[in-house]
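Let me begin by presenting the structure, written as C-alpha cells, before commenting on it.
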Amino acid sequence: MSATSHEPFLLPHLNRQAIVRAYEAAAGQEIQSGKMSSPESSSALVANAFGYFVEPARTLPPLPGLEDLPWKVQKVCLEHQVRFPWAGGRHPWLDVFAETESHLIGIESKRFEPFRGPHLPTFSKAYWRDVWDVGMAPYLALRDELKVAGKSYAAIDAAQLVKHALALSAEAKRQGKPAVLVYLYAEPSNWPDGGAIAATALRAHSEAVGRLAGDLTGATVRFHALTYGSLLRSWTAAHDQELRYHAAEVARLFGIPLERQ
C-alpha cells in the first residue's frame with residue numbers, strides 16, 4: 001500500500017492483502033480516498049461481505065432468488081471492469097463479478113446512496129450506437145425514458161444499472177455465457193450520524209425496485225434485486241461454520257438485522 005493510502009476497514013479473518021490489491025487496481029480510488037476506512041462506508045460493506053470469497057478455497061453459494069441457475073463458481077472478483085463493445089471512453093466497474101461455468105453475475109451494491117436524493121441520468125451519445133442485442137430492448141427502452149422523460153425510480157440510480165447491464169451484455173456475448181445483473185441493497189434504519197432514515201423512504205425504494213424489476217422482465221441480461229438482509233440470512237443457514245461466522249460478523253458490524261423485517 002502506498003504512503004498516501006488510508007487503512008481500509010476490513011474484518012480480521014479476511015485476506016486483507018488480496019482485497020486491498022483488488023481495490024488499488026480499480027479506478028474508483030476507494031482505498032486511496034479514504035472511503036473504505038470507516039465501518040460506515042458503503043464500499044466497506046461490499047468489500048467485507050464478498051472479500052471472504054477471494055480465497056480460492058471459499059465458494060460463493062447461490063444467491064437467494066438465483067437458485068434456478070447452475071451454480072459452480074469459477075471465480076469471484078471485487079471491483080471488476082466490464083467493457084462496452086468499443087475501445088474508447090469510460091467502461092463500468094462492477095462492485096462484484098462472479099463467473100460460474102454457465103453464467104456471468106455482476107453485482108452493484110448500495111447502502112445509504114438510495115436515500116440521499118435522486119440521481120440525474122446522464123448518457124453520452126455512444127449508448128445509442130446500433131450495437132446492442134435485440135434482447136436488451138427493456139434496458140434500451142428504459143435508457144430512452146430516462147433520457148427524454150427523466151423517469152424516476154425513487155432515487156435508484158437507474159442510468160447506472162442500464163450502463164452496467166449493457167456492458168454485461170457485451171461481455172456475455174464475448175464469453176458465450178448469459179449474464180445476470182444483481183442490484184444488492186441495504187435497508188439501513190439510521191444514517192451514520194444516528195439520525196433515522198424515514199420508513200416511508202425505505203418503503204418507496206423497495207416499491208421502486210419492484211417496478212424496475214417488472215420493467216426489465218424478459219431482457220437478455222436478467223435483472224435481480226436482493227437485500228443484504230436476505231443475502232446474509234442465507235449465509236447464516238449454510239452448512240459451512242466459517243461462512244456462518246462470517247455472515248454474523250458482517251451483519252453485526254454493519255448493523256444489518258438477520259431477522260426478517
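As shown in the C-alpha cells, the chain order sets the letters A, B, ...; within each chain, residues go from 1, and ligands are also counted from 1 in the order they appear.
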Could you pull the residues within 12 Å of Asp95 of chain A, counting only C-alpha atoms, minus those fewer than 2 positions along the same chain, as a ChimeraX atom specification? /A:22-23,26-28,30,42-51,76-82,92-93,97-98,105-110,161,164,181-185
So that I have them on file, write out the residues from the current selection with C-alpha atoms, as a CSV table (one decimal), in the first residue's frame.
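And here's part.csv as it stands now:
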chain,number,residue,atom,x,y,z
A,22,ALA,CA,-8.2,-5.5,-6.0
A,23,TYR,CA,-9.3,-2.0,-4.9
A,26,ALA,CA,-9.5,-0.2,-9.8
A,27,ALA,CA,-10.5,3.2,-11.0
A,28,GLY,CA,-12.7,4.2,-8.0
A,30,GLU,CA,-12.0,3.7,-2.7
A,42,SER,CA,-20.8,1.6,1.6
A,43,SER,CA,-17.7,0.3,-0.1
A,44,ALA,CA,-16.5,-1.3,3.1
A,45,LEU,CA,-19.8,-3.2,3.4
A,46,VAL,CA,-19.4,-4.9,0.0
A,47,ALA,CA,-15.7,-5.4,0.4
A,48,ASN,CA,-16.2,-7.2,3.7
A,49,ALA,CA,-19.2,-9.2,2.6
A,50,PHE,CA,-17.6,-10.5,-0.6
A,51,GLY,CA,-13.9,-10.3,0.3
A,76,VAL,CA,-15.2,-14.0,-7.7
A,77,CYS,CA,-13.7,-10.6,-8.3
A,78,LEU,CA,-14.0,-7.3,-6.4
A,79,GLU,CA,-14.1,-4.1,-8.5
A,80,HIS,CA,-14.2,-5.7,-11.9
A,81,GLN,CA,-14.4,-3.7,-15.1
A,82,VAL,CA,-16.7,-4.9,-17.9
A,92,PRO,CA,-18.3,0.4,-16.0
A,93,TRP,CA,-16.8,-1.2,-12.8
A,97,PHE,CA,-18.2,-10.0,-10.6
A,98,ALA,CA,-18.7,-13.8,-10.3
A,105,ILE,CA,-23.0,-12.5,-12.4
A,106,GLY,CA,-22.5,-8.8,-12.0
A,107,ILE,CA,-23.4,-7.1,-8.6
A,108,GLU,CA,-24.0,-3.5,-8.0
A,109,SER,CA,-24.1,-2.8,-4.2
A,110,LYS,CA,-25.8,0.1,-2.4
A,161,LEU,CA,-27.9,0.0,-13.9
A,164,HIS,CA,-23.9,-2.0,-16.2
A,181,LEU,CA,-27.2,-8.1,-13.1
A,182,VAL,CA,-27.9,-8.1,-9.3
A,183,TYR,CA,-28.9,-4.9,-7.5
A,184,LEU,CA,-27.9,-5.6,-3.9
A,185,TYR,CA,-29.0,-3.1,-1.4
Open item on the list: Quick check for you: according to DSSP on this backbone, which residues of segment 57-239 of chain A are classed as strand (DSSP E)? Reply as number ranges by chain.
Closed with: A: 73-81, 93-100, 104-110, 179-185, 222-227
Store the residues of this selection in a file with N, CA and C atoms, as an mmCIF file, in the first residue's frame.
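Contents of part08.cif, as written:
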data_model
loop_
_atom_site.group_PDB
_atom_site.id
_atom_site.type_symbol
_atom_site.label_atom_id
_atom_site.label_comp_id
_atom_site.auth_asym_id
_atom_site.auth_seq_id
_atom_site.Cartn_x
_atom_site.Cartn_y
_atom_site.Cartn_z
ATOM 1 N N VAL A 73 -19.153 -21.983 -9.150
ATOM 2 C CA VAL A 73 -18.423 -20.723 -9.294
ATOM 3 C C VAL A 73 -16.962 -20.986 -9.644
ATOM 4 N N GLN A 74 -16.494 -20.280 -10.666
ATOM 5 C CA GLN A 74 -15.101 -20.397 -11.084
ATOM 6 C C GLN A 74 -14.230 -19.302 -10.493
ATOM 7 N N LYS A 75 -14.801 -18.088 -10.320
ATOM 8 C CA LYS A 75 -14.033 -17.005 -9.709
ATOM 9 C C LYS A 75 -14.969 -15.926 -9.186
ATOM 10 N N VAL A 76 -14.484 -15.189 -8.195
ATOM 11 C CA VAL A 76 -15.184 -14.028 -7.650
ATOM 12 C C VAL A 76 -14.185 -12.875 -7.619
ATOM 13 N N CYS A 77 -14.557 -11.749 -8.208
ATOM 14 C CA CYS A 77 -13.667 -10.587 -8.275
ATOM 15 C C CYS A 77 -14.341 -9.382 -7.629
ATOM 16 N N LEU A 78 -13.567 -8.607 -6.897
ATOM 17 C CA LEU A 78 -14.013 -7.320 -6.392
ATOM 18 C C LEU A 78 -13.569 -6.238 -7.368
ATOM 19 N N GLU A 79 -14.440 -5.247 -7.589
ATOM 20 C CA GLU A 79 -14.110 -4.130 -8.476
ATOM 21 C C GLU A 79 -13.609 -4.636 -9.835
ATOM 22 N N HIS A 80 -14.527 -5.118 -10.620
ATOM 23 C CA HIS A 80 -14.201 -5.721 -11.914
ATOM 24 C C HIS A 80 -14.773 -4.869 -13.037
ATOM 25 N N GLN A 81 -13.939 -4.530 -13.985
ATOM 26 C CA GLN A 81 -14.396 -3.721 -15.114
ATOM 27 C C GLN A 81 -14.981 -4.600 -16.217
ATOM 28 N N TRP A 93 -17.393 -0.279 -13.821
ATOM 29 C CA TRP A 93 -16.775 -1.155 -12.831
ATOM 30 C C TRP A 93 -17.881 -1.714 -11.948
ATOM 31 N N LEU A 94 -17.982 -3.030 -11.899
ATOM 32 C CA LEU A 94 -18.954 -3.686 -11.028
ATOM 33 C C LEU A 94 -18.359 -3.866 -9.638
ATOM 34 N N ASP A 95 -19.190 -3.749 -8.609
ATOM 35 C CA ASP A 95 -18.699 -3.954 -7.246
ATOM 36 C C ASP A 95 -18.204 -5.385 -7.052
ATOM 37 N N VAL A 96 -18.931 -6.329 -7.626
ATOM 38 C CA VAL A 96 -18.551 -7.745 -7.550
ATOM 39 C C VAL A 96 -18.859 -8.383 -8.902
ATOM 40 N N PHE A 97 -17.987 -9.272 -9.327
ATOM 41 C CA PHE A 97 -18.203 -10.019 -10.561
ATOM 42 C C PHE A 97 -17.901 -11.483 -10.260
ATOM 43 N N ALA A 98 -18.887 -12.336 -10.527
ATOM 44 C CA ALA A 98 -18.697 -13.771 -10.325
ATOM 45 C C ALA A 98 -18.945 -14.493 -11.642
ATOM 46 N N GLU A 99 -18.098 -15.459 -11.912
ATOM 47 C CA GLU A 99 -18.278 -16.262 -13.117
ATOM 48 C C GLU A 99 -18.491 -17.710 -12.724
ATOM 49 N N THR A 100 -19.591 -18.277 -13.192
ATOM 50 C CA THR A 100 -19.853 -19.692 -12.984
ATOM 51 C C THR A 100 -19.560 -20.421 -14.290
ATOM 52 N N LEU A 104 -22.479 -15.352 -16.117
ATOM 53 C CA LEU A 104 -21.741 -14.219 -15.574
ATOM 54 C C LEU A 104 -22.682 -13.468 -14.638
ATOM 55 N N ILE A 105 -22.208 -13.164 -13.438
ATOM 56 C CA ILE A 105 -23.028 -12.484 -12.432
ATOM 57 C C ILE A 105 -22.352 -11.174 -12.063
ATOM 58 N N GLY A 106 -23.006 -10.060 -12.355
ATOM 59 C CA GLY A 106 -22.493 -8.754 -11.960
ATOM 60 C C GLY A 106 -23.324 -8.186 -10.827
ATOM 61 N N ILE A 107 -22.660 -7.654 -9.801
ATOM 62 C CA ILE A 107 -23.368 -7.141 -8.622
ATOM 63 C C ILE A 107 -23.056 -5.657 -8.438
ATOM 64 N N GLU A 108 -24.103 -4.860 -8.349
ATOM 65 C CA GLU A 108 -23.988 -3.451 -7.979
ATOM 66 C C GLU A 108 -24.575 -3.282 -6.583
ATOM 67 N N SER A 109 -23.745 -2.830 -5.641
ATOM 68 C CA SER A 109 -24.120 -2.770 -4.235
ATOM 69 C C SER A 109 -24.397 -1.334 -3.788
ATOM 70 N N LYS A 110 -25.448 -1.162 -2.987
ATOM 71 C CA LYS A 110 -25.805 0.141 -2.430
ATOM 72 C C LYS A 110 -26.102 0.002 -0.938
ATOM 73 N N ALA A 179 -25.840 -13.513 -18.818
ATOM 74 C CA ALA A 179 -25.440 -12.695 -17.676
ATOM 75 C C ALA A 179 -26.642 -12.305 -16.825
ATOM 76 N N VAL A 180 -26.351 -12.027 -15.556
ATOM 77 C CA VAL A 180 -27.350 -11.554 -14.598
ATOM 78 C C VAL A 180 -26.792 -10.312 -13.925
ATOM 79 N N LEU A 181 -27.597 -9.267 -13.839
ATOM 80 C CA LEU A 181 -27.235 -8.064 -13.091
ATOM 81 C C LEU A 181 -28.004 -8.071 -11.781
ATOM 82 N N VAL A 182 -27.258 -8.064 -10.677
ATOM 83 C CA VAL A 182 -27.863 -8.105 -9.341
ATOM 84 C C VAL A 182 -27.762 -6.720 -8.699
ATOM 85 N N TYR A 183 -28.899 -6.198 -8.290
ATOM 86 C CA TYR A 183 -28.948 -4.947 -7.527
ATOM 87 C C TYR A 183 -29.069 -5.340 -6.058
ATOM 88 N N LEU A 184 -27.964 -5.221 -5.337
ATOM 89 C CA LEU A 184 -27.883 -5.640 -3.937
ATOM 90 C C LEU A 184 -27.900 -4.393 -3.053
ATOM 91 N N TYR A 185 -28.868 -4.320 -2.148
ATOM 92 C CA TYR A 185 -29.002 -3.082 -1.378
ATOM 93 C C TYR A 185 -29.292 -3.364 0.097
ATOM 94 N N ARG A 222 -30.550 -10.752 -17.330
ATOM 95 C CA ARG A 222 -31.571 -10.874 -16.287
ATOM 96 C C ARG A 222 -31.294 -9.891 -15.155
ATOM 97 N N PHE A 223 -32.336 -9.188 -14.709
ATOM 98 C CA PHE A 223 -32.200 -8.266 -13.583
ATOM 99 C C PHE A 223 -32.751 -8.935 -12.337
ATOM 100 N N HIS A 224 -31.974 -8.854 -11.240
ATOM 101 C CA HIS A 224 -32.397 -9.471 -9.991
ATOM 102 C C HIS A 224 -32.056 -8.546 -8.833
ATOM 103 N N ALA A 225 -33.040 -8.247 -8.003
ATOM 104 C CA ALA A 225 -32.834 -7.391 -6.834
ATOM 105 C C ALA A 225 -32.782 -8.239 -5.576
ATOM 106 N N LEU A 226 -31.914 -7.834 -4.646
ATOM 107 C CA LEU A 226 -31.657 -8.635 -3.446
ATOM 108 C C LEU A 226 -31.229 -7.714 -2.316
ATOM 109 N N THR A 227 -31.745 -7.943 -1.115
ATOM 110 C CA THR A 227 -31.320 -7.155 0.036
ATOM 111 C C THR A 227 -30.149 -7.839 0.742
#
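Close contacts of Ser206 of chain A, defined as residues with an atom at most 12 Å away when counting only C-alpha atoms, with chain neighbours fewer than 5 positions off set aside, comprise Pro114, Phe115, Tyr153, Ala154, Ala155, Ile156, Tyr183, Leu184, Tyr185, Ala186, Glu187, Ala199, Thr200, Ala201, Arg211, Leu212, Ala213, Ala225, Leu226 and Thr227 of chain A.
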Can I get the selected residues back with C-alpha atoms, as a JSON list (two decimals), in the first residue's frame?
[["chain", "number", "residue", "atom", "x", "y", "z"],
["A", 114, "PRO", "CA", -30.60, 5.35, -2.47],
["A", 115, "PHE", "CA", -31.79, 7.55, 0.41],
["A", 153, "TYR", "CA", -37.40, 5.10, -9.50],
["A", 154, "ALA", "CA", -37.30, 6.80, -6.08],
["A", 155, "ALA", "CA", -33.56, 7.52, -6.02],
["A", 156, "ILE", "CA", -32.45, 4.29, -7.68],
["A", 183, "TYR", "CA", -28.95, -4.95, -7.53],
["A", 184, "LEU", "CA", -27.88, -5.64, -3.94],
["A", 185, "TYR", "CA", -29.00, -3.08, -1.38],
["A", 186, "ALA", "CA", -29.08, -2.49, 2.36],
["A", 187, "GLU", "CA", -32.11, -1.16, 4.22],
["A", 199, "ALA", "CA", -39.66, 4.39, 6.93],
["A", 200, "THR", "CA", -41.52, 5.98, 4.02],
["A", 201, "ALA", "CA", -38.22, 6.38, 2.14],
["A", 211, "ARG", "CA", -41.36, -1.59, -10.50],
["A", 212, "LEU", "CA", -37.89, -1.58, -12.04],
["A", 213, "ALA", "CA", -37.70, -5.37, -11.97],
["A", 225, "ALA", "CA", -32.83, -7.39, -6.83],
["A", 226, "LEU", "CA", -31.66, -8.63, -3.45],
["A", 227, "THR", "CA", -31.32, -7.15, 0.04]]
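For the pair atom CA of Lys147 of chain A and atom CA of Pro178 of chain A, the separation is 26.9 Å.
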Proximity check segment 147-192 of chain A to segment 118-135 of chain A, 10 Å, nearest pairs one decimal Å, only C-alpha atoms, as JSON lines:
{"residue": "A:Lys147", "atom": "CA", "partner": "A:Pro121", "partner_atom": "CA", "distance": 6.8}
{"residue": "A:Val148", "atom": "CA", "partner": "A:Pro121", "partner_atom": "CA", "distance": 10.0}
{"residue": "A:Gly150", "atom": "CA", "partner": "A:Pro121", "partner_atom": "CA", "distance": 7.1}
{"residue": "A:Lys151", "atom": "CA", "partner": "A:Pro121", "partner_atom": "CA", "distance": 8.9}
{"residue": "A:Ser152", "atom": "CA", "partner": "A:Pro118", "partner_atom": "CA", "distance": 7.9}
{"residue": "A:Tyr153", "atom": "CA", "partner": "A:Pro118", "partner_atom": "CA", "distance": 8.5}
{"residue": "A:Ala154", "atom": "CA", "partner": "A:Pro118", "partner_atom": "CA", "distance": 6.7}
{"residue": "A:Ala155", "atom": "CA", "partner": "A:Pro118", "partner_atom": "CA", "distance": 4.2}
{"residue": "A:Ile156", "atom": "CA", "partner": "A:His119", "partner_atom": "CA", "distance": 7.0}
{"residue": "A:Asp157", "atom": "CA", "partner": "A:His119", "partner_atom": "CA", "distance": 5.5}
{"residue": "A:Ala158", "atom": "CA", "partner": "A:Pro121", "partner_atom": "CA", "distance": 7.5}
{"residue": "A:Ala159", "atom": "CA", "partner": "A:Pro121", "partner_atom": "CA", "distance": 5.3}
{"residue": "A:Gln160", "atom": "CA", "partner": "A:Pro121", "partner_atom": "CA", "distance": 7.9}
{"residue": "A:Val162", "atom": "CA", "partner": "A:Tyr127", "partner_atom": "CA", "distance": 9.8}
{"residue": "A:Lys163", "atom": "CA", "partner": "A:Tyr127", "partner_atom": "CA", "distance": 8.3}
{"residue": "A:Leu166", "atom": "CA", "partner": "A:Trp132", "partner_atom": "CA", "distance": 7.5}
{"residue": "A:Ala167", "atom": "CA", "partner": "A:Trp132", "partner_atom": "CA", "distance": 9.7}
{"residue": "A:Ser169", "atom": "CA", "partner": "A:Asp133", "partner_atom": "CA", "distance": 7.8}
{"residue": "A:Ala170", "atom": "CA", "partner": "A:Trp132", "partner_atom": "CA", "distance": 7.9}
{"residue": "A:Lys173", "atom": "CA", "partner": "A:Asp133", "partner_atom": "CA", "distance": 9.1}
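Atom CA of Leu66 of chain A is positioned 13.3 Å from atom CA of Val221 of chain A.
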ask   = So which residues touch segment 3-18 of chain A within 7 Å, counting only C-alpha atoms, skipping near sequence neighbours fewer than 2 positions away, as a list of chain:residue names?
value = A:Met1, A:Val20, A:Arg21, A:Ala22, A:Ile31, A:Gln32, A:Gly34, A:Met36, A:Ser37, A:Ser38, A:Pro39, A:Ala44, A:Asn48, A:Gly51, A:Tyr52
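If you look at atom CA of Ala165 of chain A and atom CA of Lys72 of chain A, they are 22.1 Å away from each other.
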